[in-house]
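Engineer: Dropping in data19.json, with JSON, C-alpha atoms.
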```json
[["chain", "number", "residue", "atom", "x", "y", "z"],
["A", 196, "MET", "CA", -20.13, 17.96, 8.87],
["A", 197, "HIS", "CA", -23.66, 16.71, 9.47],
["A", 198, "GLU", "CA", -23.93, 14.39, 6.46],
["A", 199, "PRO", "CA", -23.03, 10.67, 6.51],
["A", 200, "LEU", "CA", -19.28, 10.06, 6.29],
["A", 201, "ASP", "CA", -18.08, 8.59, 2.99],
["A", 202, "VAL", "CA", -15.62, 5.76, 3.63],
["A", 203, "ALA", "CA", -15.13, 5.09, -0.10],
["A", 204, "ALA", "CA", -14.09, 8.71, -0.65],
["A", 205, "ALA", "CA", -11.66, 8.45, 2.28],
["A", 206, "ASP", "CA", -10.17, 5.29, 0.77],
["A", 207, "ALA", "CA", -9.81, 6.97, -2.63],
["A", 208, "TYR", "CA", -8.13, 10.00, -1.07],
["A", 209, "LEU", "CA", -5.65, 7.81, 0.82],
["A", 210, "ARG", "CA", -4.41, 5.90, -2.25],
["A", 211, "ASP", "CA", -0.83, 6.91, -2.99],
["A", 212, "ALA", "CA", 1.82, 5.34, -5.23],
["A", 213, "ARG", "CA", 4.42, 5.84, -2.47],
["A", 214, "CYS", "CA", 2.43, 3.67, -0.07],
["A", 215, "GLY", "CA", 2.14, -0.06, 0.42],
["A", 216, "GLY", "CA", -0.89, 0.11, 2.65],
["A", 217, "LEU", "CA", -3.49, 2.14, 4.42],
["A", 218, "ASN", "CA", -5.37, 1.66, 7.63],
["A", 219, "LEU", "CA", -8.90, 2.95, 8.19],
["A", 220, "PHE", "CA", -10.78, 3.12, 11.46],
["A", 221, "VAL", "CA", -14.54, 3.66, 11.28],
["A", 222, "GLY", "CA", -16.26, 4.41, 14.60],
["A", 223, "THR", "CA", -19.93, 3.45, 14.54],
["A", 224, "THR", "CA", -22.93, 3.85, 16.83],
["A", 225, "ARG", "CA", -23.34, 0.65, 18.84],
["A", 226, "GLN", "CA", -26.82, -0.44, 19.85],
["A", 227, "TRP", "CA", -25.95, -1.99, 23.19],
["A", 228, "THR", "CA", -23.67, -0.87, 26.01],
["A", 229, "GLY", "CA", -24.10, -3.46, 28.71],
["A", 230, "THR", "CA", -27.85, -3.72, 29.25],
["A", 231, "ARG", "CA", -28.67, -0.24, 27.95],
["A", 232, "GLU", "CA", -29.94, 0.09, 24.41],
["A", 233, "THR", "CA", -28.91, 3.14, 22.44],
["A", 234, "VAL", "CA", -31.41, 4.65, 20.00],
["A", 235, "GLU", "CA", -28.97, 7.13, 18.56],
["A", 236, "LEU", "CA", -26.01, 9.27, 19.42],
["A", 237, "ALA", "CA", -25.62, 12.93, 18.69],
["A", 238, "TYR", "CA", -22.37, 14.90, 18.59],
["A", 239, "GLU", "CA", -21.76, 18.59, 19.10],
["A", 240, "CYS", "CA", -18.64, 20.70, 19.19],
["A", 241, "TYR", "CA", -17.27, 24.18, 18.76],
["A", 242, "GLU", "CA", -16.00, 23.54, 15.25],
["A", 243, "PRO", "CA", -13.00, 25.92, 15.04],
["A", 244, "MET", "CA", -11.56, 24.48, 18.26],
["A", 245, "ALA", "CA", -12.23, 20.84, 17.29],
["A", 246, "ILE", "CA", -10.65, 21.31, 13.85],
["A", 247, "LYS", "CA", -7.62, 23.03, 15.36],
["A", 248, "GLU", "CA", -7.11, 20.17, 17.81],
["A", 249, "MET", "CA", -7.55, 17.57, 15.07],
["A", 250, "GLN", "CA", -4.94, 19.40, 12.97],
["A", 251, "ARG", "CA", -2.57, 19.41, 15.95],
["A", 252, "LEU", "CA", -2.95, 15.63, 16.33],
["A", 253, "VAL", "CA", -2.33, 15.11, 12.61],
["A", 254, "ASP", "CA", 0.84, 17.22, 12.83],
["A", 255, "GLU", "CA", 2.00, 15.17, 15.80],
["A", 256, "ALA", "CA", 1.34, 11.91, 13.96],
["A", 257, "LYS", "CA", 3.23, 13.17, 10.88],
["A", 258, "ALA", "CA", 6.21, 13.97, 13.08],
["A", 259, "ARG", "CA", 6.21, 10.42, 14.46],
["A", 260, "TRP", "CA", 5.44, 8.28, 11.41],
["A", 261, "PRO", "CA", 6.24, 8.51, 7.66],
["A", 262, "ILE", "CA", 2.69, 9.43, 6.69],
["A", 263, "GLU", "CA", 2.00, 10.25, 3.03],
["A", 264, "ARG", "CA", -1.76, 10.74, 3.39],
["A", 265, "VAL", "CA", -4.08, 11.11, 6.33],
["A", 266, "CYS", "CA", -7.73, 11.98, 6.96],
["A", 267, "VAL", "CA", -9.70, 12.61, 10.13],
["A", 268, "LEU", "CA", -13.46, 13.07, 9.69],
["A", 269, "HIS", "CA", -16.04, 13.48, 12.46],
["A", 270, "ARG", "CA", -19.76, 13.63, 11.90],
["A", 271, "LEU", "CA", -21.89, 16.02, 13.96],
["A", 272, "GLY", "CA", -25.56, 15.85, 14.88],
["A", 273, "VAL", "CA", -27.51, 12.61, 15.09],
["A", 274, "VAL", "CA", -25.72, 9.37, 14.13],
["A", 275, "PRO", "CA", -28.09, 6.34, 14.01],
["A", 276, "VAL", "CA", -27.05, 2.81, 14.98],
["A", 277, "ALA", "CA", -24.36, 1.28, 12.71],
["A", 278, "GLU", "CA", -23.65, 4.59, 10.98],
["A", 279, "ALA", "CA", -20.20, 6.17, 11.23],
["A", 280, "SER", "CA", -19.43, 9.01, 13.62],
["A", 281, "VAL", "CA", -15.72, 9.12, 12.89],
["A", 282, "VAL", "CA", -13.35, 7.98, 10.13],
["A", 283, "VAL", "CA", -9.58, 8.05, 10.58],
["A", 284, "GLY", "CA", -7.30, 6.92, 7.76],
["A", 285, "VAL", "CA", -3.53, 6.78, 7.31],
["A", 286, "ALA", "CA", -1.41, 5.69, 4.32],
["A", 287, "THR", "CA", 2.28, 4.88, 4.76],
["A", 288, "PRO", "CA", 5.02, 3.10, 2.78],
["A", 289, "HIS", "CA", 4.89, 0.08, 5.11],
["A", 290, "ARG", "CA", 1.90, -1.22, 6.99],
["A", 291, "ALA", "CA", 3.09, -1.19, 10.60],
["A", 292, "ALA", "CA", 3.21, 2.61, 10.65],
["A", 293, "ALA", "CA", -0.30, 2.87, 9.17],
["A", 294, "PHE", "CA", -1.76, 0.77, 11.99],
["A", 295, "GLU", "CA", 0.19, 2.62, 14.68],
["A", 296, "ALA", "CA", -0.58, 6.13, 13.45],
["A", 297, "CYS", "CA", -4.27, 5.36, 12.89],
["A", 298, "ARG", "CA", -4.59, 3.95, 16.42],
["A", 299, "PHE", "CA", -2.76, 6.95, 17.85],
["A", 300, "LEU", "CA", -5.08, 9.38, 16.05],
["A", 301, "ILE", "CA", -8.36, 7.79, 17.15],
["A", 302, "ASP", "CA", -7.17, 7.23, 20.72],
["A", 303, "GLU", "CA", -5.95, 10.82, 21.05],
["A", 304, "LEU", "CA", -8.98, 12.24, 19.26],
["A", 305, "LYS", "CA", -11.26, 10.61, 21.84],
["A", 306, "VAL", "CA", -9.25, 12.10, 24.69],
["A", 307, "GLN", "CA", -8.07, 15.45, 23.34],
["A", 308, "VAL", "CA", -10.62, 16.81, 20.90],
["A", 309, "PRO", "CA", -13.55, 18.65, 22.52],
["A", 310, "ILE", "CA", -16.50, 16.87, 20.93],
["A", 311, "TRP", "CA", -19.48, 16.06, 23.12],
["A", 312, "LYS", "CA", -21.66, 13.04, 22.67],
["A", 313, "ARG", "CA", -25.30, 12.74, 23.73],
["A", 314, "GLU", "CA", -26.43, 9.17, 24.24],
["A", 315, "HIS", "CA", -30.15, 8.61, 23.84],
["A", 316, "TYR", "CA", -31.31, 5.32, 25.37],
["A", 317, "THR", "CA", -34.53, 3.37, 24.85],
["A", 318, "ASP", "CA", -35.35, 3.77, 28.57],
["A", 319, "GLY", "CA", -35.92, 7.45, 27.82],
["A", 320, "THR", "CA", -32.77, 8.69, 29.51],
["A", 321, "THR", "CA", -30.14, 10.79, 27.83],
["A", 322, "GLU", "CA", -26.58, 11.41, 28.89],
["A", 323, "TRP", "CA", -23.90, 13.82, 27.75],
["A", 324, "VAL", "CA", -20.40, 12.44, 27.57],
["A", 325, "GLN", "CA", -17.18, 14.20, 26.76],
["A", 326, "GLY", "CA", -14.58, 12.02, 25.13],
["A", 327, "ALA", "CA", -11.98, 12.85, 27.75],
["A", 328, "GLN", "CA", -13.65, 10.80, 30.43],
["A", 329, "PRO", "CA", -11.44, 7.68, 30.54],
["A", 330, "PRO", "CA", -14.06, 5.15, 31.73],
["A", 331, "ARG", "CA", -16.23, 5.96, 28.73],
["A", 332, "VAL", "CA", -13.49, 6.17, 26.17],
["A", 333, "GLU", "CA", -12.87, 2.45, 26.31],
["A", 334, "GLY", "CA", -16.54, 1.77, 25.71],
["A", 335, "GLU", "CA", -17.01, 3.90, 22.68],
["A", 336, "GLY", "CA", -15.57, 1.65, 20.07],
["B", 1090, "MET", "CA", -10.74, -13.00, -7.51],
["B", 1091, "HIS", "CA", -9.13, -11.13, -10.39],
["B", 1092, "GLU", "CA", -11.32, -8.01, -10.29],
["B", 1093, "PRO", "CA", -10.49, -4.85, -8.29],
["B", 1094, "LEU", "CA", -11.32, -5.18, -4.59],
["B", 1095, "ASP", "CA", -14.30, -3.14, -3.40],
["B", 1096, "VAL", "CA", -13.46, -1.37, -0.13],
["B", 1097, "ALA", "CA", -16.91, 0.27, 0.08],
["B", 1098, "ALA", "CA", -18.58, -3.15, -0.12],
["B", 1099, "ALA", "CA", -16.24, -4.45, 2.62],
["B", 1100, "ASP", "CA", -17.15, -1.47, 4.83],
["B", 1101, "ALA", "CA", -20.88, -2.07, 4.22],
["B", 1102, "TYR", "CA", -20.53, -5.76, 5.06],
["B", 1103, "LEU", "CA", -18.68, -4.95, 8.31],
["B", 1104, "ARG", "CA", -21.34, -2.60, 9.70],
["B", 1105, "ASP", "CA", -23.03, -4.22, 12.69],
["B", 1106, "ALA", "CA", -25.28, -2.77, 15.39],
["B", 1107, "ARG", "CA", -23.35, -4.74, 18.02],
["B", 1108, "CYS", "CA", -20.09, -2.99, 17.10],
["B", 1109, "GLY", "CA", -18.61, 0.36, 18.01],
["B", 1110, "GLY", "CA", -15.95, 0.29, 15.38],
["B", 1111, "LEU", "CA", -14.26, -1.44, 12.52],
["B", 1112, "ASN", "CA", -10.71, -1.48, 11.27],
["B", 1113, "LEU", "CA", -9.80, -1.94, 7.62],
["B", 1114, "PHE", "CA", -6.38, -2.59, 6.19],
["B", 1115, "VAL", "CA", -5.91, -2.08, 2.45],
["B", 1116, "GLY", "CA", -2.62, -3.34, 1.00],
["B", 1117, "THR", "CA", -1.68, -1.48, -2.19],
["B", 1118, "THR", "CA", 0.99, -1.78, -4.87],
["B", 1119, "ARG", "CA", 3.80, 0.65, -4.03],
["B", 1120, "GLN", "CA", 5.74, 2.24, -6.87],
["B", 1121, "TRP", "CA", 9.13, 2.41, -5.17],
["B", 1122, "THR", "CA", 11.04, -0.07, -3.03],
["B", 1123, "GLY", "CA", 14.35, 1.57, -2.31],
["B", 1124, "THR", "CA", 15.70, 2.61, -5.71],
["B", 1125, "ARG", "CA", 13.71, 0.04, -7.70],
["B", 1126, "GLU", "CA", 10.56, 1.15, -9.44],
["B", 1127, "THR", "CA", 7.69, -1.30, -9.63],
["B", 1128, "VAL", "CA", 5.52, -1.30, -12.75],
["B", 1129, "GLU", "CA", 3.02, -3.76, -11.38],
["B", 1130, "LEU", "CA", 2.67, -6.75, -9.12],
["B", 1131, "ALA", "CA", 0.97, -9.98, -9.97],
["B", 1132, "TYR", "CA", -0.31, -12.58, -7.52],
["B", 1133, "GLU", "CA", -0.90, -16.28, -8.00],
["B", 1134, "CYS", "CA", -2.00, -19.04, -5.70],
["B", 1135, "TYR", "CA", -3.58, -22.45, -5.50],
["B", 1136, "GLU", "CA", -6.99, -21.13, -4.55],
["B", 1137, "PRO", "CA", -8.42, -24.02, -2.48],
["B", 1138, "MET", "CA", -5.30, -24.05, -0.27],
["B", 1139, "ALA", "CA", -5.14, -20.26, 0.09],
["B", 1140, "ILE", "CA", -8.84, -20.05, 1.01],
["B", 1141, "LYS", "CA", -8.46, -22.87, 3.52],
["B", 1142, "GLU", "CA", -5.52, -21.11, 5.17],
["B", 1143, "MET", "CA", -7.36, -17.78, 5.26],
["B", 1144, "GLN", "CA", -10.35, -19.49, 6.90],
["B", 1145, "ARG", "CA", -8.02, -21.03, 9.49],
["B", 1146, "LEU", "CA", -6.61, -17.58, 10.33],
["B", 1147, "VAL", "CA", -10.12, -16.13, 10.63],
["B", 1148, "ASP", "CA", -11.10, -18.95, 13.00],
["B", 1149, "GLU", "CA", -8.00, -18.28, 15.08],
["B", 1150, "ALA", "CA", -8.76, -14.56, 15.24],
["B", 1151, "LYS", "CA", -12.38, -15.26, 16.26],
["B", 1152, "ALA", "CA", -11.11, -17.43, 19.10],
["B", 1153, "ARG", "CA", -8.90, -14.61, 20.36],
["B", 1154, "TRP", "CA", -11.05, -11.50, 19.90],
["B", 1155, "PRO", "CA", -14.82, -10.78, 20.13],
["B", 1156, "ILE", "CA", -15.26, -10.40, 16.37],
["B", 1157, "GLU", "CA", -18.78, -9.86, 15.05],
["B", 1158, "ARG", "CA", -17.82, -9.45, 11.39],
["B", 1159, "VAL", "CA", -14.65, -10.08, 9.44],
["B", 1160, "CYS", "CA", -13.54, -10.13, 5.81],
["B", 1161, "VAL", "CA", -10.30, -11.17, 4.13],
["B", 1162, "LEU", "CA", -10.06, -10.49, 0.38],
["B", 1163, "HIS", "CA", -7.02, -11.03, -1.84],
["B", 1164, "ARG", "CA", -6.83, -10.05, -5.47],
["B", 1165, "LEU", "CA", -5.07, -12.32, -7.97],
["B", 1166, "GLY", "CA", -3.41, -11.50, -11.26],
["B", 1167, "VAL", "CA", -1.97, -8.08, -12.08],
["B", 1168, "VAL", "CA", -2.41, -5.29, -9.52],
["B", 1169, "PRO", "CA", -1.26, -1.87, -10.83],
["B", 1170, "VAL", "CA", 0.36, 0.80, -8.65],
["B", 1171, "ALA", "CA", -1.94, 2.21, -5.91],
["B", 1172, "GLU", "CA", -4.57, -0.47, -6.47],
["B", 1173, "ALA", "CA", -5.45, -2.90, -3.68],
["B", 1174, "SER", "CA", -4.08, -6.42, -3.54],
["B", 1175, "VAL", "CA", -5.57, -7.26, -0.14],
["B", 1176, "VAL", "CA", -8.36, -5.99, 2.11],
["B", 1177, "VAL", "CA", -8.74, -7.17, 5.70],
["B", 1178, "GLY", "CA", -11.56, -5.85, 7.86],
["B", 1179, "VAL", "CA", -12.73, -6.56, 11.40],
["B", 1180, "ALA", "CA", -15.69, -5.19, 13.39],
["B", 1181, "THR", "CA", -15.83, -5.54, 17.18],
["B", 1182, "PRO", "CA", -17.80, -4.01, 20.06],
["B", 1183, "HIS", "CA", -14.78, -1.90, 21.13],
["B", 1184, "ARG", "CA", -12.06, -0.52, 18.93],
["B", 1185, "ALA", "CA", -8.90, -1.98, 20.49],
["B", 1186, "ALA", "CA", -9.86, -5.50, 19.44],
["B", 1187, "ALA", "CA", -10.62, -4.38, 15.88],
["B", 1188, "PHE", "CA", -7.11, -2.95, 15.48],
["B", 1189, "GLU", "CA", -5.44, -5.96, 17.08],
["B", 1190, "ALA", "CA", -7.35, -8.59, 15.13],
["B", 1191, "CYS", "CA", -6.93, -6.78, 11.81],
["B", 1192, "ARG", "CA", -3.17, -6.48, 12.38],
["B", 1193, "PHE", "CA", -2.96, -10.15, 13.34],
["B", 1194, "LEU", "CA", -4.82, -11.22, 10.20],
["B", 1195, "ILE", "CA", -2.70, -9.26, 7.71],
["B", 1196, "ASP", "CA", 0.58, -10.14, 9.45],
["B", 1197, "GLU", "CA", -0.29, -13.85, 9.53],
["B", 1198, "LEU", "CA", -1.73, -13.81, 6.02],
["B", 1199, "LYS", "CA", 1.61, -12.53, 4.69],
["B", 1200, "VAL", "CA", 3.49, -15.29, 6.47],
["B", 1201, "GLN", "CA", 1.11, -18.25, 6.39],
["B", 1202, "VAL", "CA", -1.02, -18.09, 3.27],
["B", 1203, "PRO", "CA", 0.63, -19.51, 0.14],
["B", 1204, "ILE", "CA", 0.19, -16.63, -2.29],
["B", 1205, "TRP", "CA", 3.07, -15.79, -4.61],
["B", 1206, "LYS", "CA", 3.88, -12.31, -5.79],
["B", 1207, "ARG", "CA", 5.70, -11.45, -9.00],
["B", 1208, "GLU", "CA", 7.36, -8.03, -8.92],
["B", 1209, "HIS", "CA", 7.88, -6.44, -12.32],
["B", 1210, "TYR", "CA", 10.40, -3.60, -12.20],
["B", 1211, "THR", "CA", 11.09, -0.82, -14.72],
["B", 1212, "ASP", "CA", 14.65, -2.09, -15.17],
["B", 1213, "GLY", "CA", 13.12, -5.10, -16.92],
["B", 1214, "THR", "CA", 13.74, -7.58, -14.14],
["B", 1215, "THR", "CA", 11.08, -9.67, -12.49],
["B", 1216, "GLU", "CA", 11.20, -11.47, -9.20],
["B", 1217, "TRP", "CA", 8.96, -14.03, -7.54],
["B", 1218, "VAL", "CA", 8.42, -13.59, -3.84],
["B", 1219, "GLN", "CA", 6.53, -15.79, -1.43],
["B", 1220, "GLY", "CA", 5.04, -13.98, 1.54],
["B", 1221, "ALA", "CA", 6.79, -16.19, 4.05],
["B", 1222, "GLN", "CA", 10.21, -14.73, 3.34],
["B", 1223, "PRO", "CA", 10.73, -12.46, 6.36],
["B", 1224, "PRO", "CA", 12.99, -9.82, 4.73],
["B", 1225, "ARG", "CA", 10.34, -9.10, 2.10],
["B", 1226, "VAL", "CA", 7.32, -9.24, 4.38],
["B", 1227, "GLU", "CA", 8.25, -6.01, 6.12],
["B", 1228, "GLY", "CA", 8.55, -4.28, 2.79],
["B", 1229, "GLU", "CA", 5.21, -5.22, 1.38],
["B", 1230, "GLY", "CA", 3.03, -2.72, 3.08]]
```
Re-express the file's structure as structure tokens.
Structural biologist:
Amino acid sequence: MHEPLDVAAADAYLRDARCGGLNLFVGTTRQWTGTRETVELAYECYEPMAIKEMQRLVDEAKARWPIERVCVLHRLGVVPVAEASVVVGVATPHRAAAFEACRFLIDELKVQVPIWKREHYTDGTTEWVQGAQPPRVEGEG
Amino acid sequence: MHEPLDVAAADAYLRDARCGGLNLFVGTTRQWTGTRETVELAYECYEPMAIKEMQRLVDEAKARWPIERVCVLHRLGVVPVAEASVVVGVATPHRAAAFEACRFLIDELKVQVPIWKREHYTDGTTEWVQGAQPPRVEGEG
């Protein structure tokens, strides 16, 4: 989807009478990475493949934790500073599992799902990054 | 505060150009705990003491993680099933710290902050629980 991600809608979707808590991760465009200033990021992917991989990660998480509700949303196209590129949410009966499953999903999404990111810096340079590159993954937020 | 907690407002407050991500935990009233059905929970506290303790936890978290923005909100009074009793949110430059600090804050809040919970079950019984009781803390979400 190319529109802004709706965190309130994700929260509403995740509410479930069987659950005692939900954990939401919102990944946002950061202005500074070291001394380089980012103007904006842009994301591209081959959607059928990205959605299939995201579904596979959700299935894996459901096999590992007692998840009642889950959402994984990734914005495509340009994402300005402080806006959300990704929202991951998990609702579970007890909170520990919600934290663990949410962390698993965002960490694995960054490594496994083929979504490319173009960083556009104020010095005029641009750079394409694929999430699977470990040195960058830690810096993405 | 006795009004419903506003997760969208928390998300908006946590957005920061210095941050690559934010983590939100929303604690909700769960309908079932084992075979007992909860009608509603109600929370009470001595507000000046609870706020002071929450501020102390926030200060401790800020000393341990590079937190740019943080919020800790707890509802008081009756909280119906699936509604939020607590919202904790943390924004940091990189995502690992956001998860860790958010988890620390909710775990410590349950143990350290003097907020009492009254569980009202469908079998007509009620029970007062203070967060510091370890066997209940794991069950709260």
Engineer: In Å to one decimal, how far is CA of Arg298 in chain A from CA of Gly229 in chain A?
Structural biologist: 24.2 Å
Engineer: Can you tell me, as a VMD selection string, what residues are no more than 7 Å from range 1160-1165 of chain B when counting all atoms listed in the file, ignoring any on the same chain fewer than 5 positions away?
Structural biologist: chain B and resid 1090 to 1094 1131 to 1133 1174 to 1179
Engineer: CA of Thr224 in chain A and CA of Cys297 in chain A, how far apart in Å?
Structural biologist: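 Value for the CA of Cys297 in chain A-CA of Thr224 in chain A distance: 19.1 Å.
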Engineer: Given a cut-off of 7 Å, which residues of chain A touch chain B, counting only C-alpha atoms, written out as an MDAnalysis selection string?
Structural biologist: chainID A and resid 202:203 210:227 276:277 288:290 334:336
Engineer: Between CA of Val324 in chain A and CA of Glu303 in chain A, what is the distance, to one decimal in Å?
Structural biologist: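 Interatomic distance here is 15.9 Å.
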Engineer: Excluding same-chain residues fewer than 4 positions from Arg1125 in chain B, what lies within 8 Å of it counting only C-alpha atoms, as a ChimeraX atom specification?
Structural biologist: /B:1121,1210-1212
Engineer: Can you spit out the residues from that selection as a PDB file, in the coordinates of the input, using C-alpha atoms?
Structural biologist:
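New file result_15.pdb:
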```
ATOM      1  CA  TRP B1121       9.130   2.410  -5.170  1.00  0.00           C
ATOM      2  CA  TYR B1210      10.400  -3.600 -12.200  1.00  0.00           C
ATOM      3  CA  THR B1211      11.090  -0.820 -14.720  1.00  0.00           C
ATOM      4  CA  ASP B1212      14.650  -2.090 -15.170  1.00  0.00           C
TER       5      ASP B1212
END
```
Engineer: Residues near Tyr1135 in chain B, anyone? I mean within 12 Å using all atoms listed in the file, not counting same-chain ones fewer than 3 positions away, as JSON, numbers by chain.
Structural biologist: {"B": [1132, 1138, 1139, 1140, 1141, 1142, 1165, 1202, 1203, 1204, 1205]}
